[in-house]
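With compact mmCIF, N, CA and C atoms inside, this is upload.txt:
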# COMPACT_ATOMS: atom_id res chain seq x y z
N MET A 728 140.65 89.74 41.84
CA MET A 728 139.49 88.99 41.39
C MET A 728 139.09 89.42 39.98
N CYS A 729 139.36 90.68 39.62
CA CYS A 729 138.97 91.17 38.31
C CYS A 729 139.75 90.45 37.22
N GLY A 730 139.05 89.88 36.27
CA GLY A 730 139.67 89.14 35.19
C GLY A 730 139.91 87.69 35.52
N ASP A 731 139.69 87.29 36.77
CA ASP A 731 139.86 85.91 37.20
C ASP A 731 138.72 85.08 36.62
N SER A 732 139.03 83.96 36.02
CA SER A 732 137.99 83.14 35.41
C SER A 732 137.39 82.16 36.40
N SER A 733 137.79 82.26 37.66
CA SER A 733 137.27 81.37 38.69
C SER A 733 135.79 81.62 38.90
N SER A 734 135.04 80.55 39.11
CA SER A 734 133.60 80.69 39.33
C SER A 734 133.28 80.82 40.81
N SER A 735 134.31 81.02 41.64
CA SER A 735 134.08 81.11 43.09
C SER A 735 133.49 82.45 43.50
N ALA A 736 133.64 83.48 42.68
CA ALA A 736 133.10 84.79 43.02
C ALA A 736 131.60 84.82 42.73
N VAL A 737 130.85 85.35 43.69
CA VAL A 737 129.41 85.47 43.49
C VAL A 737 129.11 86.56 42.47
N PHE A 738 129.79 87.71 42.59
CA PHE A 738 129.57 88.81 41.67
C PHE A 738 130.86 89.08 40.90
N ASN A 739 130.76 89.20 39.61
CA ASN A 739 131.91 89.56 38.79
C ASN A 739 131.62 90.93 38.20
N PHE A 740 132.15 91.98 38.84
CA PHE A 740 131.85 93.34 38.42
C PHE A 740 132.58 93.72 37.14
N CYS A 741 133.48 92.88 36.68
CA CYS A 741 134.20 93.17 35.44
C CYS A 741 133.54 92.54 34.23
N ASN A 742 132.46 91.85 34.45
CA ASN A 742 131.73 91.21 33.36
C ASN A 742 130.98 92.29 32.60
N ASN A 743 131.24 92.40 31.30
CA ASN A 743 130.62 93.45 30.50
C ASN A 743 129.36 92.99 29.78
N VAL A 744 128.65 92.04 30.36
CA VAL A 744 127.41 91.56 29.76
C VAL A 744 126.36 92.66 29.87
N SER A 745 125.70 92.95 28.77
CA SER A 745 124.68 94.00 28.74
C SER A 745 123.38 93.49 29.35
N LYS A 746 122.95 94.14 30.42
CA LYS A 746 121.69 93.78 31.06
C LYS A 746 120.88 95.04 31.29
N GLN A 747 119.58 94.89 31.21
CA GLN A 747 118.70 96.00 31.52
C GLN A 747 117.68 95.52 32.53
N ILE A 748 117.79 96.05 33.74
CA ILE A 748 116.87 95.66 34.80
C ILE A 748 115.93 96.82 35.08
N VAL A 749 114.65 96.52 35.16
CA VAL A 749 113.63 97.53 35.42
C VAL A 749 113.11 97.33 36.84
N ASN A 750 113.02 98.42 37.59
CA ASN A 750 112.50 98.36 38.96
C ASN A 750 111.08 98.90 39.02
N ILE A 751 110.26 98.27 39.84
CA ILE A 751 108.91 98.73 40.11
C ILE A 751 108.87 99.05 41.60
N GLN A 752 108.72 100.32 41.93
CA GLN A 752 108.59 100.71 43.33
C GLN A 752 107.38 101.62 43.43
N GLN A 753 106.37 101.14 44.12
CA GLN A 753 105.17 101.96 44.28
C GLN A 753 104.41 101.54 45.52
N CYS A 754 103.60 102.46 45.99
CA CYS A 754 102.76 102.22 47.16
C CYS A 754 101.30 102.36 46.73
N ASN A 755 100.53 101.30 46.94
CA ASN A 755 99.12 101.30 46.55
C ASN A 755 98.25 101.30 47.80
N PRO A 756 97.30 102.22 47.88
CA PRO A 756 96.40 102.20 49.04
C PRO A 756 95.45 101.01 48.99
N ILE A 757 95.12 100.51 50.15
CA ILE A 757 94.12 99.45 50.28
C ILE A 757 92.92 100.07 50.98
N PHE A 758 91.78 100.02 50.34
CA PHE A 758 90.53 100.52 50.91
C PHE A 758 89.42 99.67 50.32
N GLN A 759 88.89 98.77 51.11
CA GLN A 759 87.84 97.89 50.60
C GLN A 759 86.86 97.55 51.72
N PRO A 760 85.62 97.21 51.34
CA PRO A 760 84.60 96.90 52.34
C PRO A 760 84.96 95.66 53.15
N THR A 761 84.48 95.65 54.38
CA THR A 761 84.69 94.50 55.26
C THR A 761 83.33 93.93 55.66
N PRO A 762 83.08 92.67 55.44
CA PRO A 762 83.95 91.73 54.74
C PRO A 762 83.86 91.94 53.23
N SER A 763 84.92 91.53 52.53
CA SER A 763 84.94 91.63 51.06
C SER A 763 83.96 90.62 50.47
N LEU A 764 83.31 91.01 49.39
CA LEU A 764 82.48 90.05 48.68
C LEU A 764 83.36 89.04 47.95
N ALA A 765 84.53 89.49 47.53
CA ALA A 765 85.52 88.64 46.86
C ALA A 765 86.89 89.28 47.06
N ALA A 766 87.92 88.50 46.88
CA ALA A 766 89.28 89.05 46.96
C ALA A 766 89.50 90.01 45.79
N LEU A 767 90.14 91.14 46.07
CA LEU A 767 90.43 92.13 45.03
C LEU A 767 91.88 91.95 44.56
N THR A 768 92.08 92.05 43.26
CA THR A 768 93.41 91.92 42.69
C THR A 768 94.14 93.26 42.76
N TYR A 769 95.34 93.25 43.38
CA TYR A 769 96.15 94.46 43.51
C TYR A 769 97.38 94.42 42.61
N PHE A 770 97.77 93.24 42.15
CA PHE A 770 98.91 93.12 41.24
C PHE A 770 98.69 91.90 40.37
N THR A 771 98.99 92.05 39.09
CA THR A 771 98.97 90.91 38.18
C THR A 771 100.08 91.08 37.15
N ASN A 772 100.69 89.98 36.77
CA ASN A 772 101.77 89.98 35.79
C ASN A 772 101.28 89.21 34.56
N PRO A 773 100.75 89.92 33.56
CA PRO A 773 100.23 89.23 32.37
C PRO A 773 101.32 88.91 31.34
N THR A 774 102.56 89.31 31.64
CA THR A 774 103.66 89.10 30.69
C THR A 774 104.35 87.77 30.97
N GLY A 775 105.29 87.43 30.15
CA GLY A 775 106.10 86.24 30.37
C GLY A 775 107.37 86.56 31.15
N LEU A 776 107.50 87.80 31.63
CA LEU A 776 108.68 88.22 32.37
C LEU A 776 108.67 87.64 33.78
N VAL A 777 109.85 87.33 34.27
CA VAL A 777 109.99 86.84 35.65
C VAL A 777 110.22 88.05 36.54
N ILE A 778 109.26 88.30 37.45
CA ILE A 778 109.32 89.45 38.35
C ILE A 778 109.70 88.96 39.74
N ASN A 779 110.78 89.54 40.29
CA ASN A 779 111.29 89.16 41.60
C ASN A 779 111.32 90.38 42.51
N GLY A 780 111.52 90.16 43.79
CA GLY A 780 111.66 91.26 44.73
C GLY A 780 110.91 91.01 46.01
N SER A 781 110.25 92.05 46.49
CA SER A 781 109.48 91.93 47.74
C SER A 781 108.25 92.82 47.68
N PHE A 782 107.29 92.48 48.52
CA PHE A 782 106.14 93.37 48.72
C PHE A 782 105.79 93.36 50.19
N THR A 783 105.27 94.49 50.64
CA THR A 783 104.88 94.65 52.04
C THR A 783 103.41 95.00 52.09
N ILE A 784 102.68 94.28 52.92
CA ILE A 784 101.27 94.58 53.19
C ILE A 784 101.20 95.22 54.57
N VAL A 785 100.58 96.40 54.63
CA VAL A 785 100.40 97.10 55.90
C VAL A 785 98.91 97.19 56.17
N ASN A 786 98.46 96.66 57.29
CA ASN A 786 97.05 96.68 57.67
C ASN A 786 96.86 97.77 58.72
N THR A 787 96.28 98.90 58.32
CA THR A 787 96.05 100.00 59.26
C THR A 787 94.62 99.99 59.82
N SER A 788 93.89 98.94 59.55
CA SER A 788 92.52 98.82 60.07
C SER A 788 92.55 98.69 61.59
N THR A 789 91.41 99.02 62.20
CA THR A 789 91.33 98.89 63.65
C THR A 789 90.96 97.47 64.08
N SER A 790 90.34 96.71 63.17
CA SER A 790 89.93 95.36 63.53
C SER A 790 89.99 94.36 62.38
N SER A 791 89.84 94.82 61.16
CA SER A 791 89.77 93.91 60.00
C SER A 791 91.04 93.11 59.82
N VAL A 792 90.88 91.94 59.25
CA VAL A 792 91.99 91.03 58.97
C VAL A 792 92.13 90.90 57.46
N PHE A 793 93.38 90.94 56.96
CA PHE A 793 93.64 90.76 55.53
C PHE A 793 94.03 89.31 55.27
N ASN A 794 93.37 88.73 54.30
CA ASN A 794 93.73 87.41 53.80
C ASN A 794 94.42 87.67 52.45
N VAL A 795 95.74 87.51 52.41
CA VAL A 795 96.52 87.86 51.23
C VAL A 795 96.93 86.58 50.51
N ASN A 796 96.55 86.49 49.25
CA ASN A 796 96.95 85.36 48.40
C ASN A 796 97.90 85.89 47.34
N TYR A 797 99.01 85.18 47.15
CA TYR A 797 99.93 85.56 46.09
C TYR A 797 100.43 84.31 45.37
N THR A 798 100.65 84.47 44.08
CA THR A 798 101.09 83.36 43.25
C THR A 798 102.50 83.63 42.77
N THR A 799 103.39 82.65 42.99
CA THR A 799 104.75 82.70 42.48
C THR A 799 104.93 81.45 41.62
N GLY A 800 105.25 81.67 40.35
CA GLY A 800 105.31 80.53 39.44
C GLY A 800 103.93 79.91 39.35
N VAL A 801 103.79 78.67 39.81
CA VAL A 801 102.49 78.00 39.84
C VAL A 801 102.00 77.74 41.26
N THR A 802 102.73 78.27 42.24
CA THR A 802 102.40 78.04 43.65
C THR A 802 101.59 79.20 44.22
N VAL A 803 100.45 78.88 44.82
CA VAL A 803 99.62 79.89 45.49
C VAL A 803 99.89 79.80 47.00
N SER A 804 100.19 80.95 47.60
CA SER A 804 100.45 81.02 49.04
C SER A 804 99.49 82.00 49.68
N THR A 805 99.21 81.79 50.95
CA THR A 805 98.30 82.67 51.69
C THR A 805 98.95 83.09 53.00
N ILE A 806 98.81 84.37 53.33
CA ILE A 806 99.22 84.86 54.64
C ILE A 806 98.05 85.66 55.21
N VAL A 807 97.97 85.68 56.51
CA VAL A 807 96.92 86.43 57.21
C VAL A 807 97.60 87.56 57.98
N ILE A 808 97.10 88.79 57.80
CA ILE A 808 97.67 89.94 58.48
C ILE A 808 96.58 90.60 59.30
N THR A 809 96.76 90.57 60.60
CA THR A 809 95.77 91.13 61.52
C THR A 809 95.89 92.66 61.58
N ALA A 810 94.89 93.28 62.16
CA ALA A 810 94.83 94.74 62.26
C ALA A 810 96.06 95.30 62.96
N GLY A 811 96.60 96.38 62.40
CA GLY A 811 97.74 97.05 62.99
C GLY A 811 99.08 96.37 62.72
N ARG A 812 99.11 95.37 61.89
CA ARG A 812 100.35 94.63 61.61
C ARG A 812 100.76 94.80 60.15
N SER A 813 101.99 94.41 59.87
CA SER A 813 102.48 94.41 58.50
C SER A 813 103.34 93.18 58.27
N GLU A 814 103.53 92.84 57.02
CA GLU A 814 104.32 91.66 56.67
C GLU A 814 105.02 91.94 55.34
N THR A 815 106.30 91.59 55.26
CA THR A 815 107.06 91.70 54.02
C THR A 815 107.35 90.30 53.50
N ILE A 816 107.09 90.10 52.22
CA ILE A 816 107.27 88.81 51.57
C ILE A 816 108.28 88.98 50.43
N PHE A 817 109.28 88.10 50.38
CA PHE A 817 110.25 88.09 49.29
C PHE A 817 109.80 87.03 48.28
N VAL A 818 109.80 87.41 47.00
CA VAL A 818 109.23 86.52 45.98
C VAL A 818 110.14 86.39 44.77
N GLU A 819 109.96 85.26 44.09
CA GLU A 819 110.57 85.03 42.79
C GLU A 819 109.46 84.60 41.84
N ASP A 820 109.43 85.19 40.66
CA ASP A 820 108.43 84.88 39.63
C ASP A 820 107.01 85.18 40.11
N LEU A 821 106.80 86.42 40.58
CA LEU A 821 105.49 86.85 41.09
C LEU A 821 104.49 86.99 39.95
N LYS A 822 103.33 86.40 40.13
CA LYS A 822 102.26 86.45 39.12
C LYS A 822 101.09 87.33 39.58
N THR A 823 100.60 87.13 40.81
CA THR A 823 99.43 87.89 41.29
C THR A 823 99.51 88.15 42.79
N ILE A 824 98.82 89.21 43.20
CA ILE A 824 98.57 89.48 44.62
C ILE A 824 97.10 89.86 44.74
N THR A 825 96.36 89.14 45.57
CA THR A 825 94.96 89.50 45.85
C THR A 825 94.79 89.63 47.35
N ILE A 826 93.86 90.50 47.75
CA ILE A 826 93.61 90.75 49.17
C ILE A 826 92.11 90.68 49.43
N GLU A 827 91.77 89.94 50.46
CA GLU A 827 90.39 89.85 50.93
C GLU A 827 90.37 90.37 52.36
N SER A 828 89.40 91.22 52.67
CA SER A 828 89.29 91.72 54.04
C SER A 828 88.20 90.93 54.76
N LEU A 829 88.54 90.50 55.96
CA LEU A 829 87.63 89.73 56.79
C LEU A 829 87.28 90.51 58.04
N THR A 830 86.09 90.30 58.56
CA THR A 830 85.66 90.99 59.76
C THR A 830 86.48 90.53 60.96
N GLY A 831 86.98 91.48 61.72
CA GLY A 831 87.74 91.17 62.93
C GLY A 831 86.82 91.10 64.13
N ALA A 832 87.38 91.30 65.30
CA ALA A 832 86.62 91.22 66.55
C ALA A 832 85.52 92.29 66.61
N THR A 833 85.82 93.46 66.07
CA THR A 833 84.85 94.55 66.04
C THR A 833 84.55 94.87 64.57
N PRO A 834 83.32 94.72 64.13
CA PRO A 834 83.00 95.01 62.72
C PRO A 834 83.30 96.46 62.36
N GLU A 835 83.86 96.67 61.20
CA GLU A 835 84.07 98.02 60.69
C GLU A 835 83.69 98.04 59.21
N ALA A 836 83.32 99.21 58.71
CA ALA A 836 82.80 99.31 57.36
C ALA A 836 83.86 99.02 56.29
N ASN A 837 85.07 99.54 56.50
CA ASN A 837 86.12 99.40 55.49
C ASN A 837 87.45 98.99 56.11
N ALA A 838 88.18 98.19 55.37
CA ALA A 838 89.54 97.83 55.75
C ALA A 838 90.49 98.80 55.04
N THR A 839 91.54 99.20 55.72
CA THR A 839 92.49 100.15 55.15
C THR A 839 93.92 99.66 55.34
N GLY A 840 94.77 100.15 54.48
CA GLY A 840 96.19 99.80 54.57
C GLY A 840 96.90 100.18 53.30
N SER A 841 98.01 99.50 53.04
CA SER A 841 98.77 99.77 51.82
C SER A 841 99.53 98.53 51.38
N LEU A 842 99.79 98.50 50.09
CA LEU A 842 100.61 97.47 49.47
C LEU A 842 101.81 98.19 48.88
N VAL A 843 103.00 97.89 49.39
CA VAL A 843 104.22 98.52 48.92
C VAL A 843 104.99 97.51 48.09
N LEU A 844 105.20 97.83 46.81
CA LEU A 844 105.90 96.95 45.89
C LEU A 844 107.34 97.40 45.70
N ASP A 845 108.26 96.48 45.77
CA ASP A 845 109.67 96.73 45.46
C ASP A 845 110.12 95.54 44.62
N LEU A 846 109.86 95.63 43.32
CA LEU A 846 110.04 94.49 42.42
C LEU A 846 110.99 94.88 41.28
N HIS A 847 111.54 93.87 40.61
CA HIS A 847 112.38 94.10 39.46
C HIS A 847 112.27 92.94 38.48
N TYR A 848 112.55 93.25 37.24
CA TYR A 848 112.59 92.24 36.21
C TYR A 848 113.64 92.61 35.17
N CYS A 849 114.14 91.60 34.51
CA CYS A 849 115.19 91.78 33.53
C CYS A 849 114.57 91.82 32.13
N VAL A 850 114.84 92.90 31.39
CA VAL A 850 114.31 93.04 30.04
C VAL A 850 115.27 92.40 29.04
N LYS A 851 116.56 92.65 29.26
CA LYS A 851 117.59 92.10 28.36
C LYS A 851 118.61 91.39 29.24
N CYS A 852 118.55 90.08 29.24
CA CYS A 852 119.39 89.31 30.16
C CYS A 852 120.52 88.58 29.46
N ALA A 853 120.78 88.86 28.21
CA ALA A 853 121.84 88.16 27.49
C ALA A 853 123.16 88.87 27.62
Could you show the structure in this file as structure tokens?
Amino acid sequence: MCGDSSSSAVFNFCNNVSKQIVNIQQCNPIFQPTPSLAALTYFTNPTGLVINGSFTIVNTSTSSVFNVNYTTGVTVSTIVITAGRSETIFVEDLKTITIESLTGATPEANATGSLVLDLHYCVKCA
């Protein structure tokens, strides 16, 4: 396959195109009052770079519910994560992640959890 000009291969490991990919891997704690007065922003992409990858929301609250809004390109999506649950979302062109905590079956003062980012973007793609 090496040196073959066929476009049938998904990956061409012999291609010497210079690329620089940057990875973002971090874990952010979530600690906010329940219910939230407004959704809090946990991630924003103010650059023109296309950020892809995944993020995981972990809700460690005993009752609170997370209302998670995220924007990819120009599309806004919402997922609901109940207490004690987690959800992983795969994204392309991530712009923002906001989280609002809602009161669950039993009121609690604060919602807790974490936002785990595993994202990447290309700095030099030529």
Tell me, counting only C-alpha atoms, for each residue of segment 735-794 of chain A within 7 Å of segment 808-813 of chain A, which pair of atoms is nearest and how far apart they are in Å to one decimal, in rows ordered by chain and increasing number, as CSV.
residue,atom,partner,partner_atom,distance
A:Thr783,CA,A:Ser813,CA,6.9
A:Ile784,CA,A:Ser813,CA,5.4
A:Val785,CA,A:Ser813,CA,4.3
A:Asn786,CA,A:Gly811,CA,5.4
A:Thr787,CA,A:Gly811,CA,5.0
A:Ser788,CA,A:Ala810,CA,5.2
A:Thr789,CA,A:Ala810,CA,5.6
A:Ser790,CA,A:Ala810,CA,5.1
A:Ser791,CA,A:Ala810,CA,5.6
A:Val792,CA,A:Thr809,CA,4.6
A:Phe793,CA,A:Ile808,CA,5.1
A:Asn794,CA,A:Ile808,CA,6.6
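Closest approach to Thr761 of chain A among A:Thr805, A:Thr833, A:Ser828, A:Ser841 is made by A:Ser828 (distances from only N, CA and C atoms).
Here the residues that fall within 7 Å of (109.5, 86.3, 42.9), using only N, CA and C atoms, are given as Val777, Ile778, Asn779, Gly780, Ser781, Thr799, Gly800, Phe817, Val818, Glu819, Asp820, Leu821 and Lys822 of chain A.
With distances restricted to only N, CA and C atoms, A:Leu776 is the closest residue to His847 of chain A from A:Leu767, A:Leu776, A:Val801, A:Ile757.
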Segment 789-830 of chain A: residues DSSP assigns to strand (DSSP E), reported as a JSON list (two decimals) with N, CA and C atoms, keeping the file's coordinate frame:
[["chain", "number", "residue", "atom", "x", "y", "z"],
["A", 792, "VAL", "N", 90.88, 91.94, 59.25],
["A", 792, "VAL", "CA", 91.99, 91.03, 58.97],
["A", 792, "VAL", "C", 92.13, 90.90, 57.46],
["A", 793, "PHE", "N", 93.38, 90.94, 56.96],
["A", 793, "PHE", "CA", 93.64, 90.76, 55.53],
["A", 793, "PHE", "C", 94.03, 89.31, 55.27],
["A", 794, "ASN", "N", 93.37, 88.73, 54.30],
["A", 794, "ASN", "CA", 93.73, 87.41, 53.80],
["A", 794, "ASN", "C", 94.42, 87.67, 52.45],
["A", 795, "VAL", "N", 95.74, 87.51, 52.41],
["A", 795, "VAL", "CA", 96.52, 87.86, 51.23],
["A", 795, "VAL", "C", 96.93, 86.58, 50.51],
["A", 796, "ASN", "N", 96.55, 86.49, 49.25],
["A", 796, "ASN", "CA", 96.95, 85.36, 48.40],
["A", 796, "ASN", "C", 97.90, 85.89, 47.34],
["A", 797, "TYR", "N", 99.01, 85.18, 47.15],
["A", 797, "TYR", "CA", 99.93, 85.56, 46.09],
["A", 797, "TYR", "C", 100.43, 84.31, 45.37],
["A", 798, "THR", "N", 100.65, 84.47, 44.08],
["A", 798, "THR", "CA", 101.09, 83.36, 43.25],
["A", 798, "THR", "C", 102.50, 83.63, 42.77],
["A", 799, "THR", "N", 103.39, 82.65, 42.99],
["A", 799, "THR", "CA", 104.75, 82.70, 42.48],
["A", 799, "THR", "C", 104.93, 81.45, 41.62],
["A", 802, "THR", "N", 102.73, 78.27, 42.24],
["A", 802, "THR", "CA", 102.40, 78.04, 43.65],
["A", 802, "THR", "C", 101.59, 79.20, 44.22],
["A", 803, "VAL", "N", 100.45, 78.88, 44.82],
["A", 803, "VAL", "CA", 99.62, 79.89, 45.49],
["A", 803, "VAL", "C", 99.89, 79.80, 47.00],
["A", 804, "SER", "N", 100.19, 80.95, 47.60],
["A", 804, "SER", "CA", 100.45, 81.02, 49.04],
["A", 804, "SER", "C", 99.49, 82.00, 49.68],
["A", 805, "THR", "N", 99.21, 81.79, 50.95],
["A", 805, "THR", "CA", 98.30, 82.67, 51.69],
["A", 805, "THR", "C", 98.95, 83.09, 53.00],
["A", 806, "ILE", "N", 98.81, 84.37, 53.33],
["A", 806, "ILE", "CA", 99.22, 84.86, 54.64],
["A", 806, "ILE", "C", 98.05, 85.66, 55.21],
["A", 807, "VAL", "N", 97.97, 85.68, 56.51],
["A", 807, "VAL", "CA", 96.92, 86.43, 57.21],
["A", 807, "VAL", "C", 97.60, 87.56, 57.98],
["A", 808, "ILE", "N", 97.10, 88.79, 57.80],
["A", 808, "ILE", "CA", 97.67, 89.94, 58.48],
["A", 808, "ILE", "C", 96.58, 90.60, 59.30],
["A", 813, "SER", "N", 101.99, 94.41, 59.87],
["A", 813, "SER", "CA", 102.48, 94.41, 58.50],
["A", 813, "SER", "C", 103.34, 93.18, 58.27],
["A", 814, "GLU", "N", 103.53, 92.84, 57.02],
["A", 814, "GLU", "CA", 104.32, 91.66, 56.67],
["A", 814, "GLU", "C", 105.02, 91.94, 55.34],
["A", 815, "THR", "N", 106.30, 91.59, 55.26],
["A", 815, "THR", "CA", 107.06, 91.70, 54.02],
["A", 815, "THR", "C", 107.35, 90.30, 53.50],
["A", 816, "ILE", "N", 107.09, 90.10, 52.22],
["A", 816, "ILE", "CA", 107.27, 88.81, 51.57],
["A", 816, "ILE", "C", 108.28, 88.98, 50.43],
["A", 817, "PHE", "N", 109.28, 88.10, 50.38],
["A", 817, "PHE", "CA", 110.25, 88.09, 49.29],
["A", 817, "PHE", "C", 109.80, 87.03, 48.28],
["A", 818, "VAL", "N", 109.80, 87.41, 47.00],
["A", 818, "VAL", "CA", 109.23, 86.52, 45.98],
["A", 818, "VAL", "C", 110.14, 86.39, 44.77],
["A", 821, "LEU", "N", 106.80, 86.42, 40.58],
["A", 821, "LEU", "CA", 105.49, 86.85, 41.09],
["A", 821, "LEU", "C", 104.49, 86.99, 39.95],
["A", 822, "LYS", "N", 103.33, 86.40, 40.13],
["A", 822, "LYS", "CA", 102.26, 86.45, 39.12],
["A", 822, "LYS", "C", 101.09, 87.33, 39.58],
["A", 823, "THR", "N", 100.60, 87.13, 40.81],
["A", 823, "THR", "CA", 99.43, 87.89, 41.29],
["A", 823, "THR", "C", 99.51, 88.15, 42.79],
["A", 824, "ILE", "N", 98.82, 89.21, 43.20],
["A", 824, "ILE", "CA", 98.57, 89.48, 44.62],
["A", 824, "ILE", "C", 97.10, 89.86, 44.74],
["A", 825, "THR", "N", 96.36, 89.14, 45.57],
["A", 825, "THR", "CA", 94.96, 89.50, 45.85],
["A", 825, "THR", "C", 94.79, 89.63, 47.35],
["A", 826, "ILE", "N", 93.86, 90.50, 47.75],
["A", 826, "ILE", "CA", 93.61, 90.75, 49.17],
["A", 826, "ILE", "C", 92.11, 90.68, 49.43],
["A", 827, "GLU", "N", 91.77, 89.94, 50.46],
["A", 827, "GLU", "CA", 90.39, 89.85, 50.93],
["A", 827, "GLU", "C", 90.37, 90.37, 52.36],
["A", 828, "SER", "N", 89.40, 91.22, 52.67],
["A", 828, "SER", "CA", 89.29, 91.72, 54.04],
["A", 828, "SER", "C", 88.20, 90.93, 54.76],
["A", 829, "LEU", "N", 88.54, 90.50, 55.96],
["A", 829, "LEU", "CA", 87.63, 89.73, 56.79],
["A", 829, "LEU", "C", 87.28, 90.51, 58.04]]
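Nearest residue to Thr825 of chain A among A:Thr802, A:Asn796, A:Asn837, A:Asn772 is A:Asn796, counting all atoms listed in the file.
Here atom CA of Thr839 of chain A and atom CA of Pro773 of chain A stand 26.4 Å from one another.
Residues with at least one atom no more than 5 Å from (87.4, 89.9, 50.0), using all atoms listed in the file, are Ser763, Leu764, Ala765, Ala766, Leu767, Ile826, Glu827 and Ser828 of chain A.
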Q) Taking into account all atoms listed in the file, which residue in the set A:Gln759, A:Asn750, A:Thr768, A:Ser804 is nearest to Ala836 of chain A? A) A:Gln759
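In this model, the gap between atom CA of Gln752 of chain A and atom N of Val843 of chain A comes to 8.7 Å.
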Q | For atom N of Val795 of chain A and atom N of Gly775 of chain A, the interatomic separation in Å (one decimal) | A | 24.2 Å
